[in-house]
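Listing of protein.txt; format and content: compact mmCIF, N, CA and C atoms.
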# COMPACT_ATOMS: atom_id res chain seq x y z
N MET T 1 121.91 94.86 119.92
CA MET T 1 120.59 94.29 120.01
C MET T 1 120.73 92.94 120.71
N ARG T 2 119.78 92.66 121.61
CA ARG T 2 119.72 91.35 122.26
C ARG T 2 118.37 90.72 121.94
N LEU T 3 118.43 89.53 121.39
CA LEU T 3 117.21 88.77 121.10
C LEU T 3 117.10 87.69 122.16
N VAL T 4 115.94 87.61 122.81
CA VAL T 4 115.74 86.65 123.90
C VAL T 4 114.59 85.73 123.52
N PHE T 5 114.84 84.43 123.60
CA PHE T 5 113.83 83.42 123.28
C PHE T 5 113.70 82.47 124.46
N LYS T 6 112.46 82.15 124.82
CA LYS T 6 112.21 81.20 125.90
C LYS T 6 111.46 80.00 125.35
N GLY T 7 111.82 78.83 125.83
CA GLY T 7 111.17 77.61 125.41
C GLY T 7 111.49 76.51 126.40
N ALA T 8 111.39 75.27 125.94
CA ALA T 8 111.69 74.13 126.81
C ALA T 8 112.29 73.01 125.97
N VAL T 9 113.17 72.25 126.62
CA VAL T 9 113.74 71.04 126.03
C VAL T 9 113.55 69.94 127.06
N ASP T 10 112.86 68.88 126.68
CA ASP T 10 112.57 67.77 127.60
C ASP T 10 111.95 68.30 128.90
N ASP T 11 110.98 69.20 128.78
CA ASP T 11 110.27 69.81 129.91
C ASP T 11 111.17 70.63 130.83
N SER T 12 112.37 70.95 130.40
CA SER T 12 113.28 71.80 131.16
C SER T 12 113.30 73.18 130.50
N PRO T 13 113.00 74.26 131.25
CA PRO T 13 112.98 75.60 130.65
C PRO T 13 114.35 75.97 130.07
N LEU T 14 114.33 76.58 128.88
CA LEU T 14 115.55 76.98 128.19
C LEU T 14 115.41 78.43 127.75
N LEU T 15 116.44 79.22 128.01
CA LEU T 15 116.50 80.61 127.60
C LEU T 15 117.68 80.74 126.63
N ILE T 16 117.43 81.36 125.47
CA ILE T 16 118.47 81.58 124.48
C ILE T 16 118.58 83.08 124.26
N VAL T 17 119.79 83.61 124.41
CA VAL T 17 120.04 85.03 124.20
C VAL T 17 121.06 85.17 123.07
N ILE T 18 120.70 85.95 122.06
CA ILE T 18 121.61 86.21 120.95
C ILE T 18 121.93 87.70 120.98
N GLY T 19 123.18 88.01 121.24
CA GLY T 19 123.63 89.40 121.26
C GLY T 19 124.24 89.74 119.92
N VAL T 20 123.80 90.87 119.35
CA VAL T 20 124.26 91.28 118.03
C VAL T 20 124.92 92.65 118.16
N ALA T 21 126.15 92.74 117.71
CA ALA T 21 126.89 94.00 117.79
C ALA T 21 126.89 94.71 116.44
N ASN T 22 127.08 96.00 116.49
CA ASN T 22 127.30 96.80 115.28
C ASN T 22 126.20 96.70 114.24
N LEU T 23 124.96 96.74 114.69
CA LEU T 23 123.83 96.72 113.76
C LEU T 23 122.95 97.92 114.08
N LEU T 24 122.81 98.81 113.13
CA LEU T 24 122.02 100.01 113.33
C LEU T 24 120.53 99.72 113.15
N PRO T 25 119.66 100.44 113.87
CA PRO T 25 118.22 100.24 113.73
C PRO T 25 117.77 100.37 112.28
N GLY T 26 117.00 99.39 111.83
CA GLY T 26 116.41 99.45 110.50
C GLY T 26 117.31 99.04 109.36
N THR T 27 118.55 98.71 109.64
CA THR T 27 119.46 98.35 108.55
C THR T 27 119.50 96.83 108.36
N SER T 28 119.73 96.43 107.15
CA SER T 28 119.96 95.02 106.85
C SER T 28 121.45 94.86 106.60
N ALA T 29 121.98 93.68 106.90
CA ALA T 29 123.43 93.50 106.78
C ALA T 29 123.77 92.03 106.60
N ARG T 30 125.04 91.81 106.29
CA ARG T 30 125.58 90.45 106.15
C ARG T 30 126.81 90.32 107.04
N ASN T 31 127.06 89.09 107.48
CA ASN T 31 128.25 88.77 108.29
C ASN T 31 128.39 89.68 109.51
N VAL T 32 127.35 89.68 110.34
CA VAL T 32 127.32 90.50 111.55
C VAL T 32 127.73 89.63 112.74
N ALA T 33 128.70 90.09 113.50
CA ALA T 33 129.19 89.34 114.68
C ALA T 33 128.07 89.16 115.70
N ALA T 34 128.07 88.00 116.38
CA ALA T 34 127.04 87.70 117.37
C ALA T 34 127.63 86.87 118.50
N ASN T 35 126.94 86.88 119.64
CA ASN T 35 127.28 86.06 120.80
C ASN T 35 126.04 85.26 121.16
N VAL T 36 126.19 83.99 121.48
CA VAL T 36 125.06 83.14 121.84
C VAL T 36 125.24 82.64 123.28
N THR T 37 124.19 82.80 124.08
CA THR T 37 124.18 82.30 125.45
C THR T 37 122.96 81.42 125.63
N LEU T 38 123.15 80.26 126.26
CA LEU T 38 122.06 79.32 126.55
C LEU T 38 121.98 79.15 128.07
N VAL T 39 120.76 79.20 128.60
CA VAL T 39 120.55 79.05 130.04
C VAL T 39 119.50 77.98 130.28
N ARG T 40 119.85 76.93 131.00
CA ARG T 40 118.88 75.92 131.42
C ARG T 40 118.33 76.41 132.75
N GLU T 41 117.20 77.10 132.69
CA GLU T 41 116.62 77.72 133.87
C GLU T 41 116.25 76.67 134.91
N GLY T 42 116.53 76.97 136.16
CA GLY T 42 116.24 76.05 137.24
C GLY T 42 117.34 75.03 137.48
N ALA T 43 118.20 74.83 136.49
CA ALA T 43 119.29 73.86 136.63
C ALA T 43 120.61 74.56 136.93
N GLY T 44 120.63 75.87 136.79
CA GLY T 44 121.86 76.61 137.04
C GLY T 44 122.94 76.36 136.01
N ALA T 45 122.56 75.95 134.81
CA ALA T 45 123.53 75.67 133.76
C ALA T 45 123.54 76.82 132.75
N PHE T 46 124.72 77.42 132.55
CA PHE T 46 124.90 78.53 131.63
C PHE T 46 125.99 78.16 130.63
N TYR T 47 125.73 78.45 129.35
CA TYR T 47 126.70 78.19 128.29
C TYR T 47 126.79 79.44 127.43
N SER T 48 128.00 79.84 127.07
CA SER T 48 128.16 81.05 126.27
C SER T 48 129.34 80.92 125.32
N THR T 49 129.19 81.56 124.17
CA THR T 49 130.30 81.59 123.22
C THR T 49 131.33 82.65 123.64
N GLN T 50 131.01 83.44 124.65
CA GLN T 50 131.94 84.38 125.28
C GLN T 50 132.68 85.27 124.29
N GLY T 51 131.96 86.09 123.61
CA GLY T 51 132.55 87.02 122.66
C GLY T 51 131.82 86.97 121.35
N ASP T 52 132.10 87.94 120.51
CA ASP T 52 131.39 87.98 119.24
C ASP T 52 132.25 87.51 118.07
N ASP T 53 133.28 86.69 118.36
CA ASP T 53 134.13 86.20 117.30
C ASP T 53 133.90 84.72 116.97
N LYS T 54 132.89 84.11 117.59
CA LYS T 54 132.64 82.68 117.38
C LYS T 54 131.33 82.39 116.65
N CYS T 55 130.46 83.40 116.59
CA CYS T 55 129.18 83.26 115.90
C CYS T 55 128.95 84.50 115.03
N ALA T 56 128.13 84.33 114.01
CA ALA T 56 127.80 85.46 113.13
C ALA T 56 126.43 85.23 112.52
N LEU T 57 125.85 86.31 112.05
CA LEU T 57 124.60 86.24 111.29
C LEU T 57 124.96 86.42 109.82
N ASP T 58 124.69 85.39 109.03
CA ASP T 58 124.97 85.46 107.58
C ASP T 58 124.25 86.64 106.97
N GLU T 59 122.99 86.75 107.32
CA GLU T 59 122.14 87.77 106.73
C GLU T 59 121.13 88.23 107.77
N VAL T 60 120.96 89.53 107.89
CA VAL T 60 119.97 90.12 108.80
C VAL T 60 119.11 91.06 107.99
N ARG T 61 117.80 90.90 108.16
CA ARG T 61 116.84 91.82 107.51
C ARG T 61 116.01 92.47 108.59
N GLN T 62 115.85 93.78 108.50
CA GLN T 62 114.98 94.52 109.42
C GLN T 62 113.96 95.28 108.59
N GLU T 63 112.71 95.00 108.85
CA GLU T 63 111.63 95.66 108.12
C GLU T 63 110.76 96.41 109.11
N PRO T 64 110.44 97.69 108.84
CA PRO T 64 109.63 98.46 109.78
C PRO T 64 108.23 97.87 109.94
N VAL T 65 107.71 97.98 111.15
CA VAL T 65 106.35 97.53 111.44
C VAL T 65 105.45 98.76 111.41
N ASP T 66 104.40 98.71 110.61
CA ASP T 66 103.49 99.85 110.48
C ASP T 66 102.88 100.24 111.82
N GLY T 67 102.78 101.56 112.03
CA GLY T 67 102.08 102.06 113.20
C GLY T 67 102.90 102.17 114.47
N ARG T 68 104.17 101.82 114.43
CA ARG T 68 104.98 101.89 115.65
C ARG T 68 106.40 102.33 115.30
N ALA T 69 106.72 103.57 115.59
CA ALA T 69 108.06 104.09 115.31
C ALA T 69 109.11 103.32 116.11
N GLY T 70 110.18 102.93 115.44
CA GLY T 70 111.26 102.23 116.11
C GLY T 70 111.07 100.73 116.24
N ARG T 71 109.93 100.20 115.77
CA ARG T 71 109.70 98.75 115.84
C ARG T 71 109.99 98.14 114.47
N TYR T 72 110.76 97.03 114.51
CA TYR T 72 111.14 96.33 113.29
C TYR T 72 110.93 94.83 113.45
N ARG T 73 110.57 94.20 112.35
CA ARG T 73 110.55 92.75 112.29
C ARG T 73 111.94 92.34 111.82
N VAL T 74 112.64 91.58 112.65
CA VAL T 74 114.00 91.17 112.36
C VAL T 74 114.00 89.69 112.01
N SER T 75 114.62 89.35 110.90
CA SER T 75 114.80 87.94 110.55
C SER T 75 116.27 87.76 110.19
N ALA T 76 116.83 86.65 110.64
CA ALA T 76 118.25 86.42 110.42
C ALA T 76 118.54 84.93 110.37
N ARG T 77 119.64 84.62 109.72
CA ARG T 77 120.18 83.27 109.68
C ARG T 77 121.60 83.35 110.20
N GLY T 78 121.94 82.49 111.16
CA GLY T 78 123.26 82.57 111.76
C GLY T 78 123.93 81.22 111.92
N TYR T 79 125.16 81.27 112.42
CA TYR T 79 125.95 80.06 112.64
C TYR T 79 127.00 80.34 113.71
N CYS T 80 127.51 79.29 114.30
CA CYS T 80 128.64 79.39 115.24
C CYS T 80 129.73 78.44 114.77
N THR T 81 130.97 78.86 114.92
CA THR T 81 132.10 78.03 114.52
C THR T 81 132.76 77.34 115.71
N GLN T 82 132.38 77.78 116.93
CA GLN T 82 132.90 77.17 118.15
C GLN T 82 131.75 76.98 119.12
N PRO T 83 131.87 76.04 120.06
CA PRO T 83 130.77 75.78 120.99
C PRO T 83 130.61 76.86 122.05
N ALA T 84 129.42 76.88 122.63
CA ALA T 84 129.15 77.68 123.81
C ALA T 84 129.63 76.86 125.00
N ARG T 85 130.59 77.38 125.73
CA ARG T 85 131.20 76.64 126.83
C ARG T 85 130.48 76.93 128.14
N ALA T 86 130.50 75.94 129.04
CA ALA T 86 129.83 76.06 130.34
C ALA T 86 130.49 77.16 131.16
N LEU T 87 129.66 77.89 131.90
CA LEU T 87 130.12 78.92 132.82
C LEU T 87 129.64 78.55 134.22
N GLY T 88 130.38 78.93 135.22
CA GLY T 88 129.92 78.69 136.58
C GLY T 88 130.82 77.76 137.35
N ALA T 89 130.23 77.22 138.42
CA ALA T 89 131.00 76.43 139.38
C ALA T 89 131.69 75.22 138.74
N SER T 90 130.99 74.48 137.91
CA SER T 90 131.59 73.27 137.37
C SER T 90 132.43 73.53 136.12
N ASP T 91 132.02 74.53 135.32
CA ASP T 91 132.72 74.84 134.07
C ASP T 91 132.96 73.60 133.21
N ALA T 92 132.00 72.68 133.21
CA ALA T 92 132.14 71.45 132.43
C ALA T 92 131.10 71.40 131.32
N GLY T 93 131.53 70.99 130.16
CA GLY T 93 130.60 70.77 129.07
C GLY T 93 130.54 71.93 128.10
N SER T 94 129.87 71.68 126.99
CA SER T 94 129.69 72.70 125.97
C SER T 94 128.49 72.32 125.09
N VAL T 95 128.01 73.29 124.35
CA VAL T 95 126.90 73.09 123.42
C VAL T 95 127.29 73.73 122.09
N LEU T 96 127.23 72.98 121.01
CA LEU T 96 127.54 73.52 119.70
C LEU T 96 126.25 73.86 118.97
N VAL T 97 126.10 75.11 118.66
CA VAL T 97 124.96 75.60 117.88
C VAL T 97 125.50 75.86 116.49
N THR T 98 125.23 74.94 115.56
CA THR T 98 125.84 75.06 114.24
C THR T 98 125.14 76.11 113.38
N ARG T 99 123.83 75.98 113.18
CA ARG T 99 123.06 76.93 112.37
C ARG T 99 121.79 77.27 113.13
N PHE T 100 121.30 78.49 112.94
CA PHE T 100 120.05 78.89 113.55
C PHE T 100 119.39 79.99 112.73
N ASP T 101 118.07 80.01 112.79
CA ASP T 101 117.26 81.04 112.15
C ASP T 101 116.47 81.74 113.25
N VAL T 102 116.33 83.04 113.14
CA VAL T 102 115.57 83.80 114.13
C VAL T 102 114.61 84.74 113.44
N SER T 103 113.51 84.99 114.12
CA SER T 103 112.53 85.98 113.69
C SER T 103 111.97 86.60 114.96
N ALA T 104 111.98 87.93 115.02
CA ALA T 104 111.55 88.60 116.25
C ALA T 104 111.10 90.03 115.93
N LEU T 105 110.37 90.59 116.88
CA LEU T 105 110.05 92.02 116.85
C LEU T 105 111.03 92.72 117.78
N VAL T 106 111.61 93.81 117.30
CA VAL T 106 112.57 94.56 118.08
C VAL T 106 112.11 96.00 118.17
N ASP T 107 112.11 96.53 119.40
CA ASP T 107 111.79 97.94 119.61
C ASP T 107 113.08 98.69 119.95
N TYR T 108 113.47 99.62 119.10
CA TYR T 108 114.62 100.46 119.36
C TYR T 108 114.16 101.71 120.11
N PRO T 109 114.95 102.18 121.07
CA PRO T 109 114.57 103.40 121.78
C PRO T 109 114.51 104.59 120.82
N GLN T 110 113.54 105.45 121.08
CA GLN T 110 113.39 106.66 120.26
C GLN T 110 113.97 107.84 121.01
N ASP T 111 114.71 108.70 120.31
CA ASP T 111 115.31 109.87 120.95
C ASP T 111 114.26 110.92 121.25
Final C-alpha cells representation of the file:
Amino acid sequence: MRLVFKGAVDDSPLLIVIGVANLLPGTSARNVAANVTLVREGAGAFYSTQGDDKCALDEVRQEPVDGRAGRYRVSARGYCTQPARALGASDAGSVLVTRFDVSALVDYPQD
C-alpha cells in the first residue's frame, strides 16, 4: 500500500509517500515495516529512508467503508529510527521523521 499526502511547508509544495509492505486488505496489524519518501516539489529535493527497515507502523487499523467494496479507512501511528537521506545530484542532507500519524481512504483492487 502507498499512502500519498500533499501539502506545503513555508509555501513550498511537499509530497509525502509512505510505502507499507506486507499488509493485507482489511487487516489490522502491529509493527508493520514502512518506507517514507519526502519530495519538495519544484525544488528537485528528494529524501527517502530507502528500504522498509528504518520506519514502521506501531499500529494499523483498517475499517471497511460502507457502500464501496475494497475501500477502507486506514489509520496508523508510525515512527522512523533513521533519517530520510537526500537522493539525486547533490545527495546532501537528511530529514528525520520521528513520529507520525496518518488517516486515509484506501481502495484495494477487486478481483
Counting only C-alpha atoms, which residues in region 15-42 of chain T sit no more than 10 Å from region 94-109 of chain T? For each one, give the nearest pair of atoms and the distance in Å, sorted by chain then residue number, as a tab-separated table.
residue	atom	partner	partner_atom	distance
T:Ile18	CA	T:Val102	CA	9.4
T:Leu24	CA	T:Tyr108	CA	9.6
T:Pro25	CA	T:Tyr108	CA	6.7
T:Gly26	CA	T:Tyr108	CA	9.1
T:Val36	CA	T:Val97	CA	8.5
T:Thr37	CA	T:Val95	CA	9.8
T:Leu38	CA	T:Val95	CA	8.5
Of the candidates T:Gly93, T:Val65, T:Leu3, T:Cys80, which one gets nearest to Thr49 (chain T) if we count only C-alpha atoms?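 Nearest to Thr49 (chain T): T:Cys80.
For the set T:Thr27, T:Arg85, T:Asp10, T:Val32, the residue with the smallest atom-to-atom gap to Glu63 (chain T) is T:Thr27, counting all atoms listed in the file.
Picture a line from CA of Gly78 (chain T) to CA of Asp66 (chain T); it runs 26.3 Å.
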Show me, as a list in words, the residues that have an atom within 7 Å of Arg61 (chain T) when counting only N, CA and C atoms, minus same-chain residues fewer than 6 positions from it. Gly26, Thr27, Ser28, Ala29, Arg73, Val74, Ser75, Ala76 and Arg77 of chain T
Give me the residues near Asn31 (chain T) as a PyMOL selection string, where near means some atom within 8 Å (using all atoms listed in the file) and where sequence neighbours in that chain fewer than 4 positions away do not count. chain T and resi 55-60
Quick one: write out the picked residues with N, CA and C atoms as a JSON list (two decimals), in the coordinates of the input?
[["chain", "number", "residue", "atom", "x", "y", "z"],
["T", 55, "CYS", "N", 130.46, 83.40, 116.59],
["T", 55, "CYS", "CA", 129.18, 83.26, 115.90],
["T", 55, "CYS", "C", 128.95, 84.50, 115.03],
["T", 56, "ALA", "N", 128.13, 84.33, 114.01],
["T", 56, "ALA", "CA", 127.80, 85.46, 113.13],
["T", 56, "ALA", "C", 126.43, 85.23, 112.52],
["T", 57, "LEU", "N", 125.85, 86.31, 112.05],
["T", 57, "LEU", "CA", 124.60, 86.24, 111.29],
["T", 57, "LEU", "C", 124.96, 86.42, 109.82],
["T", 58, "ASP", "N", 124.69, 85.39, 109.03],
["T", 58, "ASP", "CA", 124.97, 85.46, 107.58],
["T", 58, "ASP", "C", 124.25, 86.64, 106.97],
["T", 59, "GLU", "N", 122.99, 86.75, 107.32],
["T", 59, "GLU", "CA", 122.14, 87.77, 106.73],
["T", 59, "GLU", "C", 121.13, 88.23, 107.77],
["T", 60, "VAL", "N", 120.96, 89.53, 107.89],
["T", 60, "VAL", "CA", 119.97, 90.12, 108.80],
["T", 60, "VAL", "C", 119.11, 91.06, 107.99]]
Could you tell me which of T:Gly19, T:Leu14, T:Pro64, T:Ala69 comes closest to Gly42 (chain T) if we count only C-alpha atoms? T:Leu14
Rank T:Arg2, T:Lys54, T:Val17, T:Ala92 by their smallest atom-to-atom distance to Tyr79 (chain T), using all atoms listed in the file, and report the top residue only.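 Among the listed residues, the smallest separation from Tyr79 (chain T) belongs to T:Lys54.
Counting from atom N of Asn35 (chain T), the distance to atom N of Gly88 (chain T) is 17.8 Å.
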One number please: CA of Gly7 (chain T) to atom C of Gly44 (chain T), in Å, one decimal. 15.9 Å
Compare T:Ala21, T:Pro13, T:Leu87, T:Tyr72 by their minimum atom-to-atom distance to Tyr47 (chain T), counting all atoms listed in the file, and give me the closest one.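 That would be T:Leu87, the residue with the smallest distance to Tyr47 (chain T).
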From a DSSP calculation on the backbone, collect every residue of chain T in strand (DSSP E) and output the set as number ranges by chain. T: 2-9, 12-20, 29-40, 45-48, 55-64, 71-80, 84-87, 94-95, 99-107
Please identify all polymer residues within 7 Å of Asp53 (chain T), counting only N, CA and C atoms, omitting same-chain residues fewer than 5 positions from it, and present them as a PyMOL selection string. chain T and resi 33-35+81
Using N, CA and C atoms, can you export the residues from the last selection as a PDB file, in the coordinates of the input?
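Dumped everything to selection13.pdb:
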ATOM      1  N   ALA T  33     128.700  90.090 113.500  1.00  0.00           N
ATOM      2  CA  ALA T  33     129.190  89.340 114.680  1.00  0.00           C
ATOM      3  C   ALA T  33     128.070  89.160 115.700  1.00  0.00           C
ATOM      4  N   ALA T  34     128.070  88.000 116.380  1.00  0.00           N
ATOM      5  CA  ALA T  34     127.040  87.700 117.370  1.00  0.00           C
ATOM      6  C   ALA T  34     127.630  86.870 118.500  1.00  0.00           C
ATOM      7  N   ASN T  35     126.940  86.880 119.640  1.00  0.00           N
ATOM      8  CA  ASN T  35     127.280  86.060 120.800  1.00  0.00           C
ATOM      9  C   ASN T  35     126.040  85.260 121.160  1.00  0.00           C
ATOM     10  N   THR T  81     130.970  78.860 114.920  1.00  0.00           N
ATOM     11  CA  THR T  81     132.100  78.030 114.520  1.00  0.00           C
ATOM     12  C   THR T  81     132.760  77.340 115.710  1.00  0.00           C
TER      13      THR T  81
END
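Residue nearest Val39 (chain T) within the list T:Gly51, T:Ser12, T:Val20, T:Met1: T:Ser12 [criterion: smallest interatomic distance, only N, CA and C atoms].
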